[in-house]
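Structure first, then comments.
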Amino acid sequence: MNEEILRAENLQKSFGGLRAIDSLNFAISQGQIKSVIGPNGAGKTTLFNLITGIFPPSNGILEFKGRSLNGLKPHFIAQLGISRTFQNLQLFANMTVLENAMVGRHTQTSAGLLSTGFRLSWMKKEEKEIEEQALAELSFMGLEEKAALEATSMPLGEQKLLEIARALATYPKLLLLDEPAAGLNIRETEKLCHTIRKIQQRGITIILVEHDMSLVMEISDEVLVLNYGKKVAEGTPRDIQRNPEVIAAYLGEEIGDA
Amino acid sequence: MKRKDLYTLLLIAFLIVLYPWIVEGNEYFISILVFLGINSIVTMGLCLLMGYAGQISLGHAAFFGIGAYFSGILTSQYSYHPVVAFFVGIFFSALVAFFVGKPTLRLKGHYMAVATLGFGEIFFIVFNELDFLTGGPSGLSGIPTLTFLGQVIEGTAYLYLVWGFVFLLLVFSLNVINSRVGRALRAVHGGELAANAMGVDAARYKVQVFVLSAVYASIAGSLYAHFITFISPSSFGLMPSIMFLMMVVIGGAGTIWGALLGTAVLTSLPEYLRGLEDFEVLAYGGILMAVLLFMPQGVLEGMRKLLKRITKTTRRSL
Amino acid sequence: MSLTSQIIQFFFTGLNVGSIYALVALGFTMIYNATAIINLAQGEFVMLGGLIMVFSTAVLQIPMFLGFFLTVMVVTTLGALFERLAIHPLKNASLITLIIITLAGSILFRGIAMLLWGRDPYGLPPFSGGKPIPIWGATLQPQFFWVLGITGLVLLGIWFFFNRTLAGKAMTACSFNAVAARLVGINVKKMVLLSFSLSASVGAIAGAIITPITLMEYDRGPLLALKGFAAAVLGGLGSGAGAIVAGFLIGILESLGAGLVSSGYKDALALFVLLIVLWIKPSGLFGSAEESELKKF
């Protein structure tokens, strides 16, 4: 049995009077692909923001490899090995595709103001490695031809792939994908499914927030269902599909919609 | 360094070396280029802050003044060696920038702009009020010139000294831009949320580049003090701060070459306005507004686009 | 003069000066509420109000109250023109560009003023003659009452506009959500124009009423704007009432400081307040932290 990489116990997040996340317990095992699903407003993005440190929990425990994430800043959490993509794309529009990916290498490199300003030899070596490693991630996502393009000049589907490449460049242990299939057509979604499997094969644990149920059911080892900030169910895709409470939570929505 | 940058740098260096011969040693023309060099040092630092890291400072003349006054006061009143005074100025500028920068750079957009305006004004008041040190509004005179091996450095020699600094700092800046740090700064500009998510400590980098830009300004201030040997607060107030900002914005804040171009244009502008001093302020306001409305990317980009259009139409007509 | 009467004198001076800061702060707040822009040219409206008033009295030689209306109309028109020509075309520009364009506007106005009036300060005769009035050991010029009275009327008028008229409420709606405002039929473009025009009017009035006491010169604008902005943030940007209270507060503190401690550094006081507020509690005394987070810059 693989060890736990992420653990939440009695996790809570309130905004004023609103309980966005309420008494949430779950665990994610190393190497898993775990999907988080639920109707809009269920708390999925809030959960991502809690994990990545955008705001601290109001209560409860959130641990990454045994280490509490409570109160840690986002850039520090990234250094610990958690990386993410964004639902509404947050690429660096002022940089090229390759440069975006190269930013991903930041946490694992160390050249500072003086060593870059004076262009010390170890810094030059590190620079070369950064470029090679970033290019490798672009290749992994099939974007190496577009390396020199302005990041936002690519079609939406490829921009989403770039965001994943950038996140992969941080060599994360845990990767959070926020609706990666949104706006993709069926072919692109299939390709994405295949890519996520390849990411898993690299030993990276993946948490996926998605509305595309076919992707979720196809690829997940486990699914966590949220509604109104609470856990409705947690289990294998098959269990979830059969769970009457899950179906009730989605009443009015058709399961299987993109 | 990228080849384009290297060639541009060598070209400018070549022109600078030749310049004294071109103007036949004319002191007036040489001094224009000295001021151009001094201003460029400030605007390069400001460009790193504004163009690359995407922050704003409307009070940068304060750091220019700190460098100038430390060099001026320590060498004229206390007989310190100019090099010592130079480093003291840098240290103090960096210190102020650090403590002012930390809370100010957390602010968003407009708030940051006004906060920088505020502390710029505060320093202007301090320069005026500490008259037992700074000479107050009437200024500080008798600042010693620089000497090397018994020879006074002035005229062409000072030109080369200043531009030596310019090129050193230019190379330093280009190195930073084309590196992990440069990308981190641009990431902060491109999107702080994503930058932090990728492990870039946005807050820390903002302060770092702010301190760096203050150091640049301080260096320029020291060079300024020893050149004109008389300084007064009016060179370090609101209008000078705005002028530096304009130089960066007009040329094209996006690149360091744009900032240098803007500096060249605006430093030489007063020369064209000789005799029309009444129009000076109006001219600056008008130019800034015109550029913002019609060439928002700056003159460099505007020229580039214009060039593209011209070559396209000539190609079509051929 | 005994210390008590000195303090009372400074207090009254502070009330006068504070009126101007309150009006400038109000001008900032109005534009900010409608557009989320900080208008760095706000101080120039005050400066132009004073100098155009001087022009109408000294050169055109028309009666003061006519000159007053003329001044306010001219500056209001300038404010509207500024919005149309410089702000509106850039409505989709980046934040930094918007900041700099209002900066450019302020430089432009200053340049025009320098051209037309030179660098010297100008004065105005007080609105009504009369001897200074002794009160509680201090003396009050009649103009003091003009300043307070007109300021009070302006504040009342603005309050009425925002709370009792549809146009005023529409303007407030724009600041919260321009898209929603447009969807319910509010002409956002007109609101933005209106906000700049109103701010210019308020600024002009401030300049006209204070010039008999403090004179006016072409570059008074920036420092006035900074202090007015300090009042606006201290009061909680977006809160008109807060801006007004803070304006008077800063005016009184500054006057007391100048009189009792040091007059050279008096300008620095308001600036320190500005920095401290921005650094520690940007939502000010009366604003809410959450609200200031929500406001986009």
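Each chain in the structure tokens gets a letter, A, B and so on, in the order shown; residues start at 1 in every chain, and ligands are counted from 1 in the order they appear.
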
Running DSSP on the backbone, which parts of range 85-150 of chain A land in alpha helix (DSSP H), as an MDAnalysis selection string? chainID A and resid 97:103 113:117 121:140

Counting only C-alpha atoms, a student should be able to say which residues of chain B come within 6 Å of chain A; what is the right answer, written as a PyMOL selection string? chain B and resi 172+175-176+190+194+196-201

Within 7 Å of Ile204 in chain A, counting only C-alpha atoms, which residues show up once you throw out same-chain ones fewer than 6 positions away? Write them as a ChimeraX atom specification, please. /A:31,172-175

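Every protein, DNA or RNA residue with an atom at most 12 Å from Ser79 in chain B, where only C-alpha atoms count and chain neighbours fewer than 5 positions away do not, is listed here: Phe70, Ser71, Gly72, Ile73, Leu74, Val84, Ala85, Gly142, Ile143 and Pro144 of chain B.
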
From the list A:Leu120, A:Ile5, A:Phe15, A:Glu129, the nearest residue to chain C using only C-alpha atoms is A:Phe15

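For Leu193 in chain C, the list of residues within 12 Å, based on only C-alpha atoms and with local chain neighbours fewer than 2 positions off taken out, reads Met30, Ile31, Ala34, Thr35, Thr76, Thr77, Leu78, Gly79, Ala80, Leu81, Phe82, Glu83, Arg84, Leu85, Ala86, Ile87, His88, Met171, Asn187, Val188, Lys189, Lys190, Met191, Ser195, Phe196, Ser197, Leu198, Ser199 and Ala200 of chain C.
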
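Shortest atom-to-atom contact with chain C among B:Thr104, B:Thr255, B:Ser179, B:Gln151: B:Thr104, counting only C-alpha atoms.
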
Please identify every residue of chain B that has at least one atom no farther than 7 Å from an atom of chain C, counting only C-alpha atoms, and for each give the shortest atom pair and the distance in Å to one decimal, arranged by chain then increasing number, as JSON lines.
{"residue": "B:Pro103", "atom": "CA", "partner": "C:Trp279", "partner_atom": "CA", "distance": 5.5}
{"residue": "B:Thr104", "atom": "CA", "partner": "C:Trp279", "partner_atom": "CA", "distance": 6.5}
{"residue": "B:Lys108", "atom": "CA", "partner": "C:Phe297", "partner_atom": "CA", "distance": 6.8}
{"residue": "B:Gly109", "atom": "CA", "partner": "C:Phe297", "partner_atom": "CA", "distance": 6.2}
{"residue": "B:His110", "atom": "CA", "partner": "C:Ile38", "partner_atom": "CA", "distance": 6.4}
{"residue": "B:Ala115", "atom": "CA", "partner": "C:Leu275", "partner_atom": "CA", "distance": 6.0}
{"residue": "B:Gly118", "atom": "CA", "partner": "C:Leu271", "partner_atom": "CA", "distance": 5.6}
{"residue": "B:Ile122", "atom": "CA", "partner": "C:Ala268", "partner_atom": "CA", "distance": 5.7}
{"residue": "B:Ile125", "atom": "CA", "partner": "C:Tyr265", "partner_atom": "CA", "distance": 6.8}
{"residue": "B:Glu129", "atom": "CA", "partner": "C:Gly264", "partner_atom": "CA", "distance": 6.3}
{"residue": "B:Asp278", "atom": "CA", "partner": "C:Leu115", "partner_atom": "CA", "distance": 5.6}
{"residue": "B:Phe279", "atom": "CA", "partner": "C:Leu115", "partner_atom": "CA", "distance": 6.5}
{"residue": "B:Val281", "atom": "CA", "partner": "C:Gly111", "partner_atom": "CA", "distance": 4.5}
{"residue": "B:Leu282", "atom": "CA", "partner": "C:Gly111", "partner_atom": "CA", "distance": 3.8}
{"residue": "B:Gly285", "atom": "CA", "partner": "C:Leu108", "partner_atom": "CA", "distance": 4.3}
{"residue": "B:Gly286", "atom": "CA", "partner": "C:Leu108", "partner_atom": "CA", "distance": 6.0}
{"residue": "B:Leu288", "atom": "CA", "partner": "C:Ala104", "partner_atom": "CA", "distance": 5.9}
{"residue": "B:Met289", "atom": "CA", "partner": "C:Ala104", "partner_atom": "CA", "distance": 5.6}
{"residue": "B:Leu292", "atom": "CA", "partner": "C:Ile101", "partner_atom": "CA", "distance": 6.9}

Prev. selection, N, CA and C atoms, output as a short mmCIF file (atom, residue, chain, number, x, y, z; two decimals), in the first residue's frame:
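Listing of selection.cif after writing:
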data_model
loop_
_atom_site.label_atom_id
_atom_site.label_comp_id
_atom_site.auth_asym_id
_atom_site.auth_seq_id
_atom_site.Cartn_x
_atom_site.Cartn_y
_atom_site.Cartn_z
N PRO B 103 6.83 47.49 2.55
CA PRO B 103 5.39 47.70 2.67
C PRO B 103 4.76 48.29 1.40
N THR B 104 5.53 49.09 0.67
CA THR B 104 4.94 49.77 -0.49
C THR B 104 4.66 48.82 -1.64
N LYS B 108 -1.33 47.60 -4.23
CA LYS B 108 -1.69 47.38 -5.62
C LYS B 108 -1.65 48.70 -6.39
N GLY B 109 -1.23 48.61 -7.64
CA GLY B 109 -1.32 49.68 -8.62
C GLY B 109 -1.32 51.11 -8.12
N HIS B 110 -2.53 51.68 -8.07
CA HIS B 110 -2.66 53.09 -7.73
C HIS B 110 -2.09 53.40 -6.36
N ALA B 115 1.94 55.98 -2.99
CA ALA B 115 2.88 55.82 -1.89
C ALA B 115 4.29 56.25 -2.32
N GLY B 118 4.40 59.86 -2.39
CA GLY B 118 4.48 60.36 -1.03
C GLY B 118 5.88 60.37 -0.47
N ILE B 122 8.43 63.39 0.65
CA ILE B 122 9.00 63.47 1.99
C ILE B 122 10.50 63.70 1.92
N ILE B 125 11.25 67.23 1.01
CA ILE B 125 11.12 68.11 2.16
C ILE B 125 12.35 67.98 3.07
N GLU B 129 14.84 70.79 4.36
CA GLU B 129 14.80 71.21 5.76
C GLU B 129 16.09 70.95 6.53
N ASP B 278 9.34 78.69 -20.87
CA ASP B 278 7.97 78.74 -20.39
C ASP B 278 7.16 77.56 -20.88
N PHE B 279 7.58 77.04 -22.02
CA PHE B 279 6.82 75.95 -22.61
C PHE B 279 7.28 74.59 -22.12
N VAL B 281 7.36 72.80 -19.25
CA VAL B 281 6.46 71.88 -18.54
C VAL B 281 5.33 71.43 -19.45
N LEU B 282 4.81 72.38 -20.20
CA LEU B 282 3.71 72.06 -21.12
C LEU B 282 4.16 71.04 -22.15
N GLY B 285 4.31 67.56 -20.61
CA GLY B 285 2.98 66.99 -20.44
C GLY B 285 2.39 66.56 -21.77
N GLY B 286 2.56 67.44 -22.76
CA GLY B 286 1.99 67.13 -24.07
C GLY B 286 2.62 65.90 -24.69
N LEU B 288 4.18 63.41 -23.18
CA LEU B 288 3.80 62.20 -22.45
C LEU B 288 2.40 61.76 -22.85
N MET B 289 1.50 62.73 -22.91
CA MET B 289 0.13 62.39 -23.26
C MET B 289 0.04 61.86 -24.68
N LEU B 292 1.31 58.31 -24.83
CA LEU B 292 0.40 57.36 -24.20
C LEU B 292 -0.81 57.10 -25.07
#

Backbone-only DSSP, strand (DSSP E or B) members of range 33-256 of chain C, as a PyMOL selection string: chain C and resi 122+133-135+138-140+216

Export, as an mmCIF file, in the first residue's frame, the selected residues with C-alpha atoms.
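again_22.cif, freshly written:
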data_model
loop_
_atom_site.group_PDB
_atom_site.id
_atom_site.type_symbol
_atom_site.label_atom_id
_atom_site.label_comp_id
_atom_site.auth_asym_id
_atom_site.auth_seq_id
_atom_site.Cartn_x
_atom_site.Cartn_y
_atom_site.Cartn_z
ATOM 1 C CA TYR C 122 -1.471 85.304 -6.849
ATOM 2 C CA ILE C 133 -13.565 88.755 14.324
ATOM 3 C CA PRO C 134 -12.018 88.007 17.675
ATOM 4 C CA ILE C 135 -13.217 84.777 19.198
ATOM 5 C CA ALA C 138 -8.030 84.000 18.361
ATOM 6 C CA THR C 139 -9.007 86.135 15.390
ATOM 7 C CA LEU C 140 -11.055 84.949 12.447
ATOM 8 C CA MET C 216 -2.341 80.237 -5.347
#

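Near Thr147 in chain B, within a cut-off of 10 Å and counting only C-alpha atoms, sit the residues Pro82, Ile153 and Glu154 of chain B, with same-chain residues fewer than 6 positions away left out.
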
Option closest in space to Lys102 in chain B, from B:Ile256, B:Leu273, B:Val207, B:Leu58 [counting only C-alpha atoms]: B:Val207

Would you compute the distance between CA of Glu222 in chain A and CA of Lys34 in chain A? Give it in Å to one decimal. 4.9 Å

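Across the structure, CA of Leu293 in chain B and CA of Leu245 in chain B are spaced 16.4 Å apart.
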
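Interatomic distance, CA of Trp117 in chain C against CA of Val74 in chain C: 16.2 Å.
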